[in-house]
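J.: Dropping in coords16.txt, which is compact mmCIF, C-alpha atoms:
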```txt
# COMPACT_ATOMS: atom_id res chain seq x y z
CA MET H 21 37.51 38.94 0.97
CA SER H 22 39.44 39.64 -2.25
CA GLY H 23 42.74 40.10 -0.33
CA SER H 24 42.44 36.76 1.44
CA ALA H 25 41.33 35.16 -1.81
CA ARG H 26 44.46 36.39 -3.56
CA ARG H 27 46.68 34.93 -0.86
CA GLU H 28 45.40 31.48 -1.81
CA PHE H 29 47.09 31.72 -5.23
CA PRO H 30 50.92 31.78 -5.27
CA LEU H 31 51.07 32.52 -9.00
CA LEU H 32 49.55 35.96 -8.39
CA GLU H 33 52.73 36.95 -6.57
CA GLU H 34 54.56 36.63 -9.89
CA VAL H 35 52.15 37.89 -12.57
CA VAL H 36 48.88 39.73 -13.12
CA TRP H 37 46.72 36.81 -14.24
CA LEU H 38 44.05 37.92 -16.70
CA ALA H 39 43.94 34.58 -18.51
CA SER H 40 41.59 32.29 -16.56
CA ALA H 41 39.58 31.65 -19.73
CA GLY H 42 42.64 29.67 -20.87
CA THR H 43 44.06 28.27 -17.64
CA GLY H 44 43.26 29.26 -14.08
CA PRO H 45 45.95 29.51 -11.38
CA MET H 46 45.71 26.77 -8.77
CA PRO H 47 45.40 27.63 -5.07
CA ARG H 48 47.95 26.40 -2.55
CA ARG H 49 45.56 23.95 -0.95
CA ALA H 50 45.00 22.20 -4.30
CA LEU H 51 48.72 22.06 -5.06
CA ASP H 52 49.39 20.66 -1.57
CA ALA H 53 46.59 18.10 -1.92
CA ILE H 54 47.98 16.80 -5.22
CA ALA H 55 51.51 16.54 -3.84
CA GLY H 56 50.34 14.89 -0.63
CA THR H 57 48.24 12.30 -2.44
CA GLN H 58 51.06 11.49 -4.86
CA ARG H 59 53.48 10.96 -1.97
CA ALA H 60 51.05 8.75 -0.07
CA LEU H 61 50.25 6.64 -3.12
CA TYR H 62 53.65 6.26 -4.73
CA GLU H 63 56.41 7.36 -2.38
CA GLY H 64 55.22 5.65 0.77
CA PHE H 65 52.79 3.31 -0.98
CA ASP H 66 50.40 3.81 1.93
CA PRO H 67 47.75 1.02 1.84
CA GLY H 68 45.27 3.35 3.51
CA ALA H 69 45.74 5.95 0.79
CA TRP H 70 45.02 3.34 -1.88
CA ARG H 71 41.90 2.18 -0.06
CA GLU H 72 40.72 5.76 0.20
CA ALA H 73 41.56 6.72 -3.39
CA GLY H 74 37.86 6.77 -4.17
CA ALA H 75 37.19 9.33 -1.44
CA ALA H 76 38.51 12.18 -3.58
CA ALA H 77 36.08 11.24 -6.35
CA ARG H 78 33.20 11.30 -3.87
CA ARG H 79 34.32 14.71 -2.59
CA VAL H 80 34.44 16.10 -6.13
CA ARG H 81 31.02 14.69 -6.97
CA ARG H 82 29.47 16.18 -3.83
CA ALA H 83 31.13 19.56 -4.33
CA VAL H 84 30.11 19.82 -7.98
CA ALA H 85 26.54 18.86 -7.08
CA ALA H 86 26.47 21.57 -4.41
CA LEU H 87 27.94 24.14 -6.81
CA LEU H 88 25.32 23.36 -9.48
CA GLY H 89 22.38 22.71 -7.16
CA VAL H 90 21.87 19.14 -8.43
CA GLU H 91 22.18 15.61 -7.00
CA PRO H 92 25.53 13.78 -6.83
CA ASP H 93 24.18 10.89 -8.93
CA GLU H 94 23.62 13.37 -11.76
CA ILE H 95 27.37 14.03 -11.93
CA ALA H 96 29.91 11.95 -13.86
CA LEU H 97 33.60 12.74 -13.45
CA THR H 98 35.62 13.26 -16.62
CA ARG H 99 39.05 14.46 -17.69
CA SER H 100 37.81 17.35 -19.85
CA THR H 101 34.85 19.17 -21.35
CA THR H 102 35.48 17.31 -24.60
CA GLU H 103 35.24 13.92 -22.90
CA GLY H 104 31.91 14.87 -21.34
CA LEU H 105 30.42 16.20 -24.56
CA ASN H 106 31.53 13.11 -26.47
CA ALA H 107 30.05 10.83 -23.82
CA VAL H 108 26.64 12.42 -24.31
CA ALA H 109 26.87 12.72 -28.09
CA ALA H 110 27.85 9.07 -28.55
CA SER H 111 25.17 7.72 -26.21
CA LEU H 112 22.15 9.24 -27.95
CA PRO H 113 19.96 7.04 -30.19
CA TRP H 114 20.55 8.93 -33.44
CA LYS H 115 18.44 8.26 -36.52
CA ARG H 116 19.42 9.10 -40.08
CA GLY H 117 17.94 12.49 -40.92
CA ASP H 118 18.26 13.87 -37.38
CA ASN H 119 20.12 17.13 -36.92
CA ALA H 120 22.27 18.74 -34.25
CA VAL H 121 22.34 22.52 -33.92
CA ILE H 122 25.52 24.40 -32.93
CA THR H 123 26.68 27.99 -33.53
CA ASP H 124 29.39 29.69 -35.54
CA GLN H 125 31.16 30.83 -32.35
CA GLU H 126 31.72 27.42 -30.77
CA TYR H 127 35.12 26.27 -29.57
CA PRO H 128 36.11 23.02 -31.38
CA ALA H 129 35.30 21.00 -28.23
CA ASN H 130 31.62 21.71 -28.91
CA ALA H 131 31.74 21.28 -32.67
CA ILE H 132 33.93 18.26 -33.46
CA PRO H 133 31.86 15.74 -31.40
CA TRP H 134 28.70 16.61 -33.33
CA TYR H 135 30.39 16.47 -36.74
CA HIS H 136 31.79 13.09 -35.67
CA GLN H 137 28.26 11.83 -34.97
CA ALA H 138 27.19 13.19 -38.35
CA ARG H 139 29.80 11.01 -40.04
CA ARG H 140 28.81 7.96 -38.01
CA HIS H 141 25.04 8.21 -38.24
CA GLY H 142 24.21 10.33 -41.27
CA ILE H 143 22.83 13.25 -39.27
CA GLU H 144 23.06 16.91 -40.23
CA VAL H 145 24.95 19.57 -38.29
CA ARG H 146 23.24 22.96 -38.56
CA VAL H 147 25.17 26.11 -37.69
CA VAL H 148 23.44 29.16 -36.24
CA GLY H 149 24.95 32.40 -37.52
CA SER H 150 25.84 35.02 -34.90
CA ARG H 151 24.74 38.62 -35.30
CA GLY H 152 27.30 41.14 -34.23
CA TRP H 153 28.83 38.57 -31.84
CA ARG H 154 25.40 37.90 -30.30
CA LEU H 155 23.32 34.73 -30.58
CA PRO H 156 19.68 35.82 -30.24
CA LEU H 157 16.92 33.25 -29.85
CA ASP H 158 15.35 34.05 -33.22
CA ALA H 159 18.61 32.99 -34.90
CA PHE H 160 18.19 29.55 -33.32
CA ALA H 161 14.50 29.44 -34.19
CA GLU H 162 15.42 29.68 -37.88
CA VAL H 163 17.23 26.31 -37.84
CA ILE H 164 15.62 24.22 -35.07
CA ASP H 165 12.85 21.90 -36.24
CA ARG H 166 11.17 18.58 -35.35
CA ARG H 167 14.19 16.62 -36.58
CA THR H 168 16.53 18.45 -34.20
CA ARG H 169 17.77 15.96 -31.63
CA VAL H 170 20.24 18.25 -29.83
CA VAL H 171 20.94 21.96 -29.49
CA ALA H 172 24.58 22.19 -28.33
CA VAL H 173 25.87 25.58 -27.26
CA SER H 174 28.53 27.15 -25.08
CA HIS H 175 26.98 29.01 -22.18
CA VAL H 176 29.65 31.72 -22.56
CA GLN H 177 31.48 31.96 -25.86
CA PHE H 178 35.26 31.54 -25.59
CA GLY H 179 35.99 34.45 -27.93
CA SER H 180 33.46 37.22 -27.51
CA GLY H 181 32.40 36.33 -23.96
CA TYR H 182 28.73 36.48 -24.97
CA ARG H 183 26.46 34.64 -22.52
CA VAL H 184 23.61 32.76 -24.18
CA ASP H 185 20.03 32.97 -22.91
CA LEU H 186 19.83 29.34 -21.79
CA PRO H 187 16.27 29.40 -20.33
CA GLY H 188 14.91 30.86 -23.56
CA LEU H 189 16.91 28.42 -25.66
CA ALA H 190 15.76 25.49 -23.50
CA GLU H 191 12.15 26.44 -24.06
CA LEU H 192 12.74 26.68 -27.80
CA ALA H 193 14.59 23.34 -27.98
CA HIS H 194 12.18 21.42 -25.75
CA ALA H 195 9.18 22.67 -27.74
CA CYS H 196 10.61 20.75 -30.70
CA GLY H 197 11.55 17.69 -28.66
CA ALA H 198 15.28 18.50 -28.67
CA LEU H 199 17.78 18.30 -25.83
CA LEU H 200 19.85 21.27 -24.66
CA VAL H 201 23.50 20.27 -24.17
CA VAL H 202 25.86 22.93 -22.81
CA ASP H 203 29.60 23.49 -22.84
CA ALA H 204 30.01 25.40 -19.56
CA ILE H 205 33.76 25.67 -19.22
CA GLN H 206 33.64 29.46 -19.63
CA SER H 207 30.84 29.99 -17.12
CA VAL H 208 31.06 27.53 -14.21
CA GLY H 209 33.42 29.07 -11.69
CA ALA H 210 32.86 32.59 -13.01
CA VAL H 211 29.09 32.96 -12.63
CA ARG H 212 26.39 31.04 -10.81
CA VAL H 213 25.18 28.13 -12.98
CA ARG H 214 22.13 26.06 -12.00
CA PRO H 215 21.34 23.60 -14.80
CA ARG H 216 17.86 22.65 -13.62
CA GLU H 217 16.80 26.29 -13.26
CA LEU H 218 18.23 27.01 -16.71
CA GLY H 219 16.46 24.08 -18.38
CA VAL H 220 19.71 22.32 -19.33
CA ASP H 221 19.60 18.57 -20.03
CA ALA H 222 23.36 17.93 -19.98
CA LEU H 223 26.33 20.14 -19.16
CA ALA H 224 30.06 19.47 -19.52
CA CYS H 225 32.90 21.38 -17.91
CA GLY H 226 36.64 21.01 -17.47
CA GLY H 227 38.27 21.87 -14.18
CA TYR H 228 41.34 23.83 -15.21
CA LYS H 229 39.96 27.20 -16.34
CA TRP H 230 37.64 29.31 -14.18
CA LEU H 231 37.50 26.58 -11.52
CA CYS H 232 41.30 26.84 -11.09
CA GLY H 233 41.69 23.06 -10.86
CA PRO H 234 44.24 20.71 -12.42
CA GLU H 235 44.40 19.78 -16.08
CA GLY H 236 42.85 16.35 -16.56
CA THR H 237 39.79 16.98 -14.39
CA GLY H 238 36.19 17.84 -15.24
CA PHE H 239 32.62 16.73 -14.89
CA LEU H 240 29.44 16.02 -16.76
CA TYR H 241 25.98 16.81 -15.43
CA VAL H 242 23.15 14.76 -16.92
CA ARG H 243 19.57 15.27 -15.81
CA ARG H 244 18.61 12.09 -13.94
CA GLU H 245 15.59 11.34 -16.13
CA LEU H 246 17.76 11.60 -19.24
CA ALA H 247 20.72 9.65 -17.85
CA GLU H 248 18.66 6.57 -17.11
CA GLY H 249 17.77 6.26 -20.79
CA LEU H 250 21.28 6.67 -22.19
CA SER H 251 23.29 3.75 -23.49
CA PRO H 252 27.05 4.44 -23.15
CA SER H 253 29.19 3.92 -26.23
CA THR H 254 32.14 2.76 -24.13
CA LEU H 255 32.07 0.92 -20.85
CA GLY H 256 34.44 -0.09 -18.09
CA PHE H 257 34.37 -1.56 -14.61
CA PRO H 258 33.23 1.70 -12.91
CA ASN H 259 30.28 2.11 -15.32
CA ILE H 260 28.31 -1.03 -14.46
CA ALA H 261 25.71 -1.35 -11.71
CA SER H 262 27.20 -1.17 -8.21
CA GLU H 263 25.88 -4.55 -7.04
CA VAL H 264 27.23 -6.24 -10.18
CA ARG H 265 30.56 -4.51 -9.67
CA ARG H 266 30.76 -5.77 -6.06
CA ASP H 267 29.99 -9.35 -7.09
CA LEU H 268 32.57 -9.22 -9.85
CA TRP H 269 35.19 -7.83 -7.49
CA ASP H 270 34.47 -10.62 -5.02
CA ALA H 271 35.04 -13.12 -7.82
CA LEU H 272 38.27 -11.44 -8.90
CA CYS H 273 39.68 -11.50 -5.40
CA GLY H 274 38.15 -14.77 -4.21
CA GLY H 275 38.87 -16.93 -7.23
CA GLY H 276 35.35 -17.25 -8.57
CA PRO H 277 34.38 -17.04 -12.27
CA TRP H 278 35.10 -13.42 -13.14
CA VAL H 279 34.95 -13.44 -16.96
CA ARG H 280 31.25 -13.04 -17.52
CA ASP H 281 28.59 -10.74 -18.86
CA PHE H 282 27.13 -7.98 -16.70
CA SER H 283 23.58 -6.86 -16.07
CA GLY H 284 22.86 -3.18 -15.74
CA TYR H 285 24.61 0.15 -16.01
CA ALA H 286 25.60 2.34 -13.07
CA ALA H 287 22.79 4.52 -11.82
CA GLY H 288 22.45 8.03 -13.18
CA ALA H 289 25.29 9.89 -14.86
CA ARG H 290 28.01 7.56 -13.55
CA ARG H 291 27.41 5.19 -16.46
CA LEU H 292 29.14 7.91 -18.55
CA GLU H 293 32.04 8.49 -16.14
CA GLY H 294 35.63 8.41 -17.34
CA VAL H 295 37.72 5.34 -16.53
CA GLY H 296 41.19 5.66 -15.01
CA LEU H 297 40.72 9.01 -13.29
CA ASN H 298 43.81 10.19 -11.43
CA PRO H 299 43.24 10.21 -7.64
CA ALA H 300 45.90 12.86 -7.01
CA LEU H 301 44.33 15.24 -9.51
CA LEU H 302 40.91 14.53 -8.04
CA SER H 303 42.18 15.40 -4.56
CA GLY H 304 43.40 18.74 -5.88
CA PHE H 305 40.14 19.34 -7.73
CA ALA H 306 38.15 18.54 -4.59
CA ALA H 307 40.22 21.04 -2.60
CA VAL H 308 39.65 23.88 -5.05
CA LEU H 309 35.93 23.14 -5.44
CA GLU H 310 35.53 23.25 -1.68
CA LEU H 311 37.34 26.60 -1.68
CA PHE H 312 34.89 27.95 -4.27
CA LEU H 313 32.01 26.80 -2.09
CA GLU H 314 33.57 28.59 0.88
CA PHE H 315 33.73 31.84 -1.07
CA GLY H 316 30.22 31.28 -2.48
CA PRO H 317 29.10 31.33 -6.15
CA GLU H 318 27.08 34.52 -5.60
CA TRP H 319 30.06 36.45 -4.24
CA ILE H 320 32.29 35.15 -7.04
CA GLU H 321 29.77 36.16 -9.70
CA GLU H 322 29.42 39.65 -8.20
CA ARG H 323 33.22 40.09 -8.27
CA VAL H 324 33.61 38.73 -11.80
CA LEU H 325 30.80 40.80 -13.32
CA GLY H 326 31.88 43.92 -11.47
CA LEU H 327 35.46 43.66 -12.71
CA SER H 328 34.52 42.83 -16.31
CA GLY H 329 32.01 45.69 -16.32
CA ARG H 330 34.59 48.19 -15.06
CA LEU H 331 37.08 46.95 -17.63
CA ILE H 332 34.59 47.42 -20.48
CA HIS H 333 33.84 50.95 -19.22
CA GLY H 334 37.55 51.77 -19.09
CA LEU H 335 38.07 50.47 -22.62
CA PHE H 336 35.19 52.54 -23.96
CA GLU H 337 36.58 55.64 -22.26
CA ARG H 338 39.84 55.10 -24.16
CA GLY H 339 38.06 54.60 -27.47
CA TYR H 340 38.55 50.87 -27.88
CA GLU H 341 36.08 48.61 -29.65
CA VAL H 342 34.77 45.82 -27.42
CA ALA H 343 33.01 42.73 -28.76
CA THR H 344 31.68 41.72 -25.34
CA PRO H 345 28.22 43.09 -24.40
CA GLU H 346 27.92 45.72 -21.66
CA ASP H 347 24.76 44.11 -20.28
CA PRO H 348 25.88 41.90 -17.33
CA THR H 349 23.22 39.31 -18.17
CA GLU H 350 24.94 38.81 -21.54
CA ARG H 351 28.51 38.32 -20.31
CA ALA H 352 30.61 36.74 -17.58
CA GLY H 353 34.37 37.19 -17.11
CA ILE H 354 35.66 37.33 -20.70
CA VAL H 355 36.23 40.71 -22.36
CA LEU H 356 37.36 40.76 -26.01
CA VAL H 357 39.13 43.93 -27.12
CA GLN H 358 39.34 44.67 -30.83
CA GLY H 359 41.80 47.10 -32.31
CA PRO H 360 44.08 47.95 -35.22
CA TRP H 361 45.91 44.65 -34.93
CA ASP H 362 46.18 41.90 -37.52
CA PHE H 363 46.33 38.67 -35.58
CA GLY H 364 46.02 36.48 -38.66
CA ASP H 365 49.80 36.12 -38.51
CA PRO H 366 50.93 33.71 -35.75
CA ARG H 367 53.99 35.88 -35.16
CA ALA H 368 51.79 38.89 -34.40
CA ARG H 369 49.75 36.84 -31.90
CA ALA H 370 52.87 35.58 -30.17
CA ALA H 371 54.40 39.06 -30.10
CA ALA H 372 51.31 40.57 -28.46
CA GLU H 373 51.15 37.91 -25.75
CA GLU H 374 54.91 38.16 -25.14
CA TYR H 375 54.67 41.96 -24.89
CA PHE H 376 52.03 41.78 -22.16
CA LEU H 377 53.98 39.07 -20.34
CA SER H 378 57.09 41.28 -20.42
CA GLN H 379 55.02 43.82 -18.49
CA GLY H 380 53.97 41.19 -15.96
CA ILE H 381 50.50 40.49 -17.42
CA ARG H 382 49.13 37.25 -18.86
CA ILE H 383 46.41 37.58 -21.50
CA HIS H 384 45.45 35.61 -24.61
CA VAL H 385 44.90 36.51 -28.23
CA ARG H 386 41.66 34.91 -29.39
CA ALA H 387 38.98 35.53 -32.02
CA GLY H 388 41.05 38.26 -33.67
CA GLY H 389 41.39 40.36 -30.53
CA ILE H 390 42.96 40.55 -27.09
CA ARG H 391 40.98 38.42 -24.66
CA VAL H 392 41.03 39.44 -21.00
CA SER H 393 39.63 37.23 -18.23
CA THR H 394 38.64 38.93 -14.98
CA HIS H 395 38.32 36.51 -12.07
CA PHE H 396 37.38 37.07 -8.44
CA PHE H 397 41.02 37.35 -7.34
CA ASN H 398 41.75 40.21 -9.75
CA THR H 399 41.75 43.83 -8.61
CA ASP H 400 41.10 47.29 -10.03
CA ASP H 401 44.88 47.81 -9.98
CA ASP H 402 45.21 44.80 -12.31
CA LEU H 403 42.76 46.43 -14.72
CA GLU H 404 44.57 49.78 -14.63
CA LEU H 405 47.89 48.11 -15.38
CA PHE H 406 46.33 46.25 -18.29
CA LEU H 407 44.76 49.42 -19.72
CA SER H 408 47.98 51.42 -19.54
CA THR H 409 49.91 48.56 -21.11
CA LEU H 410 47.29 48.25 -23.86
CA ASP H 411 47.58 51.99 -24.60
CA ALA H 412 51.30 51.57 -25.16
CA LEU H 413 50.60 48.81 -27.69
CA ARG H 414 48.22 50.93 -29.77
```
Could you render the structure from this file as structure tokens?
T.:
Amino acid sequence: MSGSARREFPLLEEVVWLASAGTGPMPRRALDAIAGTQRALYEGFDPGAWREAGAAARRVRRAVAALLGVEPDEIALTRSTTEGLNAVAASLPWKRGDNAVITDQEYPANAIPWYHQARRHGIEVRVVGSRGWRLPLDAFAEVIDRRTRVVAVSHVQFGSGYRVDLPGLAELAHACGALLVVDAIQSVGAVRVRPRELGVDALACGGYKWLCGPEGTGFLYVRRELAEGLSPSTLGFPNIASEVRRDLWDALCGGGPWVRDFSGYAAGARRLEGVGLNPALLSGFAAVLELFLEFGPEWIEERVLGLSGRLIHGLFERGYEVATPEDPTERAGIVLVQGPWDFGDPRARAAAEEYFLSQGIRIHVRAGGIRVSTHFFNTDDDLELFLSTLDALR
């Protein structure tokens, strides 16, 4: 299926894309869906398209729920991972003296929201120290206690590619009464992710990396039992109870009294949903999610882990140092190569990325090394080209 999968992505005709941990290439069907929706909405101003603008949101919600093995009402649509994490962080009933636990490998999207809550509510942010790029459970156990309200961690770390033991961490957090909140932008779309099986309470993900969707799309999963107890920090028309929303809309259109208080939040995670979501982007996101479901999360994971494993083996054979674990249960699609490079200088980082691009390869410099992202559409030929190009850089 890899050949037919590649044909879905026009960008792969131009470049060897080993950079899905930064931005994924969009398939033709998503690009066509975005363009078609934009034309219908704004070029022809099709009344039917405006009436059906909400259909794309429903398609996304259903597809995400199917991908994660959860219910659609446990999914809120967002514009980014950051928006989802902030929605959860700001809706929790913090008490002075509480603490939130993060790690020293987190991308800022999963650090800044918790430090922001610390400023607002007088809570403590505790940072788990990694050990040789790994984040073992006993490192978390050293800092989690009965005042821990949240353990917030990336499922797969953006730099090293290390995959955290979420079931073990969930057990540790829940034993102390804490919630497990996950940044999943580096795992969903690369490996199979089932939040309920993993013990996750809330999970945020953007659509534009491994899911190959448009920038400005994403989602937030919130376990139903948790969502019903959350009080959103911001609220708009889409976030109130559906029956209240219908009555208010009738008043707006029919001339009744529409400036009034409301009673009740939207059911489930939708109370935390972003306001003003772009219907064209959602139509593209729906198209790519449905493509992922066609391919199947299990097949995608097998491809991703197989390619990243072969890349690690090839790097070891050439004598390179690799930060990413060999064990497939401890990684996904990110492979971080370390070498005799000093990437502290922005010019050195730019030069390395430009060198690879001059050879027709897109990679990223992250965490002091060269970060390679192997997705299901990549091939062994892509890996060989990368390795030979890397050798020339050494």
J.: Could you pull the residues within 10 Å of Leu112 in chain H, counting all atoms listed in the file, minus those fewer than 5 positions along the same chain, as a PyMOL selection string?
T.: chain H and resi 107+137+169-170+249-253
J.: Could you turn the residues from that selection into a file that holds C-alpha atoms, as a short mmCIF file (atom, residue, chain, number, x, y, z; two decimals), keeping the file's coordinate frame?
T.:
```cif
data_model
loop_
_atom_site.label_atom_id
_atom_site.label_comp_id
_atom_site.auth_asym_id
_atom_site.auth_seq_id
_atom_site.Cartn_x
_atom_site.Cartn_y
_atom_site.Cartn_z
CA ALA H 107 30.05 10.83 -23.82
CA GLN H 137 28.26 11.83 -34.97
CA ARG H 169 17.77 15.96 -31.63
CA VAL H 170 20.24 18.25 -29.83
CA GLY H 249 17.77 6.26 -20.79
CA LEU H 250 21.28 6.67 -22.19
CA SER H 251 23.29 3.75 -23.49
CA PRO H 252 27.05 4.44 -23.15
CA SER H 253 29.19 3.92 -26.23
#
```
J.: Residues at most 12 Å from Arg265 in chain H, counting only C-alpha atoms, excluding those fewer than 6 positions away in the same chain, as a PyMOL selection string?
T.: chain H and resi 256-259+271-272+278+280-286
J.: Which of these, H:Thr123, H:Gln177, H:Ser24, H:Ser262, has the shortest distance to Ala159 in chain H once you count all atoms listed in the file?
T.: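 Of H:Thr123, H:Gln177, H:Ser24, H:Ser262, the one nearest Ala159 in chain H, counting all atoms listed in the file, is H:Thr123.
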J.: With distances taken over all atoms listed in the file, which of H:Ala131, H:Val264, H:Ala161, H:Leu405 is nearest to Val202 in chain H?
T.: H:Ala131
J.: For His395 in chain H, which of H:Gly359, H:Pro113, H:Gly380, H:Gly209 is the closest residue, counting all atoms listed in the file?
T.: H:Gly209
J.: Just want the 8 Å neighbourhood of range 84-97 of chain H, counted on all atoms listed in the file, with same-chain residues fewer than 6 positions away dropped. Output as an MDAnalysis selection string.
T.: chainID H and resid 77 212:216 237:244 247 287:294 309 313 317
J.: Have a look at H:Ala172, H:Glu34, H:Glu63, H:Asp267 and name the one nearest to Leu377 in chain H; count all atoms listed in the file.
T.: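 Checking each of H:Ala172, H:Glu34, H:Glu63, H:Asp267 against Leu377 in chain H, counting all atoms listed in the file, the winner is H:Glu34.
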J.: Enumerate, in order of chain and increasing residue number, the residues of range 371-400 of chain H with an atom no farther than 7 Å from range 345-354 of chain H, each with its shortest atom pair and distance in Å to one decimal, counting only C-alpha atoms, as JSON lines.
T.:
```
{"residue": "H:Arg391", "atom": "CA", "partner": "H:Ile354", "partner_atom": "CA", "distance": 6.7}
{"residue": "H:Val392", "atom": "CA", "partner": "H:Ile354", "partner_atom": "CA", "distance": 5.8}
{"residue": "H:Ser393", "atom": "CA", "partner": "H:Ile354", "partner_atom": "CA", "distance": 4.7}
{"residue": "H:Thr394", "atom": "CA", "partner": "H:Gly353", "partner_atom": "CA", "distance": 5.1}
{"residue": "H:His395", "atom": "CA", "partner": "H:Gly353", "partner_atom": "CA", "distance": 6.4}
```
J.: If we count all atoms listed in the file, what is near His136 in chain H at a cut-off of 10 Å, once residues fewer than 6 positions away on the same chain are taken out, given as a PyMOL selection string?
T.: chain H and resi 106+109-110+142-143+145
J.: Determine the nearest neighbour of Ser150 in chain H from the options H:Gln125, H:Tyr62, H:Asn298, H:Leu38, counting all atoms listed in the file.
T.: H:Gln125
J.: In Å, rounded to a single decimal, give me how far CA of Val184 in chain H is from CA of Leu331 in chain H.
T.: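 Answer for the CA of Leu331 in chain H to CA of Val184 in chain H separation: 20.6 Å.
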J.: What separation in Å, quoted to one decimal, exists between CA of Ala368 in chain H and CA of Thr344 in chain H?
T.: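 Separation of CA of Ala368 in chain H and CA of Thr344 in chain H: 22.2 Å.
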J.: From the options H:Val108, H:His141, H:Trp114, H:Met46, which residue's atoms come nearest to Leu200 in chain H, counting all atoms listed in the file?
T.: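 Under the stated criterion, the closest residue is H:Val108.
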J.: Determine, counting all atoms listed in the file, every residue of protein, DNA or RNA that lies within 10 Å of (37.6, 11.1, -2.8) in the file coordinates, then give the result as a list in words.
T.: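 Residues with an atom at most 10 Å from (37.6, 11.1, -2.8): Glu72, Ala73, Gly74, Ala75, Ala76, Ala77, Arg78, Arg79, Val80, Arg81, Arg82, Pro299, Ala300, Leu302, Ser303, Phe305 and Ala306 of chain H.
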J.: Would you mind listing what lies within 6 Å of range 336-341 of chain H as a VMD selection string, with all atoms listed in the file counted and same-chain residues fewer than 2 positions away left out?
T.: chain H and resid 333 to 334 358
J.: So what do you get for CA of Gly219 in chain H versus CA of Gly44 in chain H, distance-wise?
T.: 27.6 Å
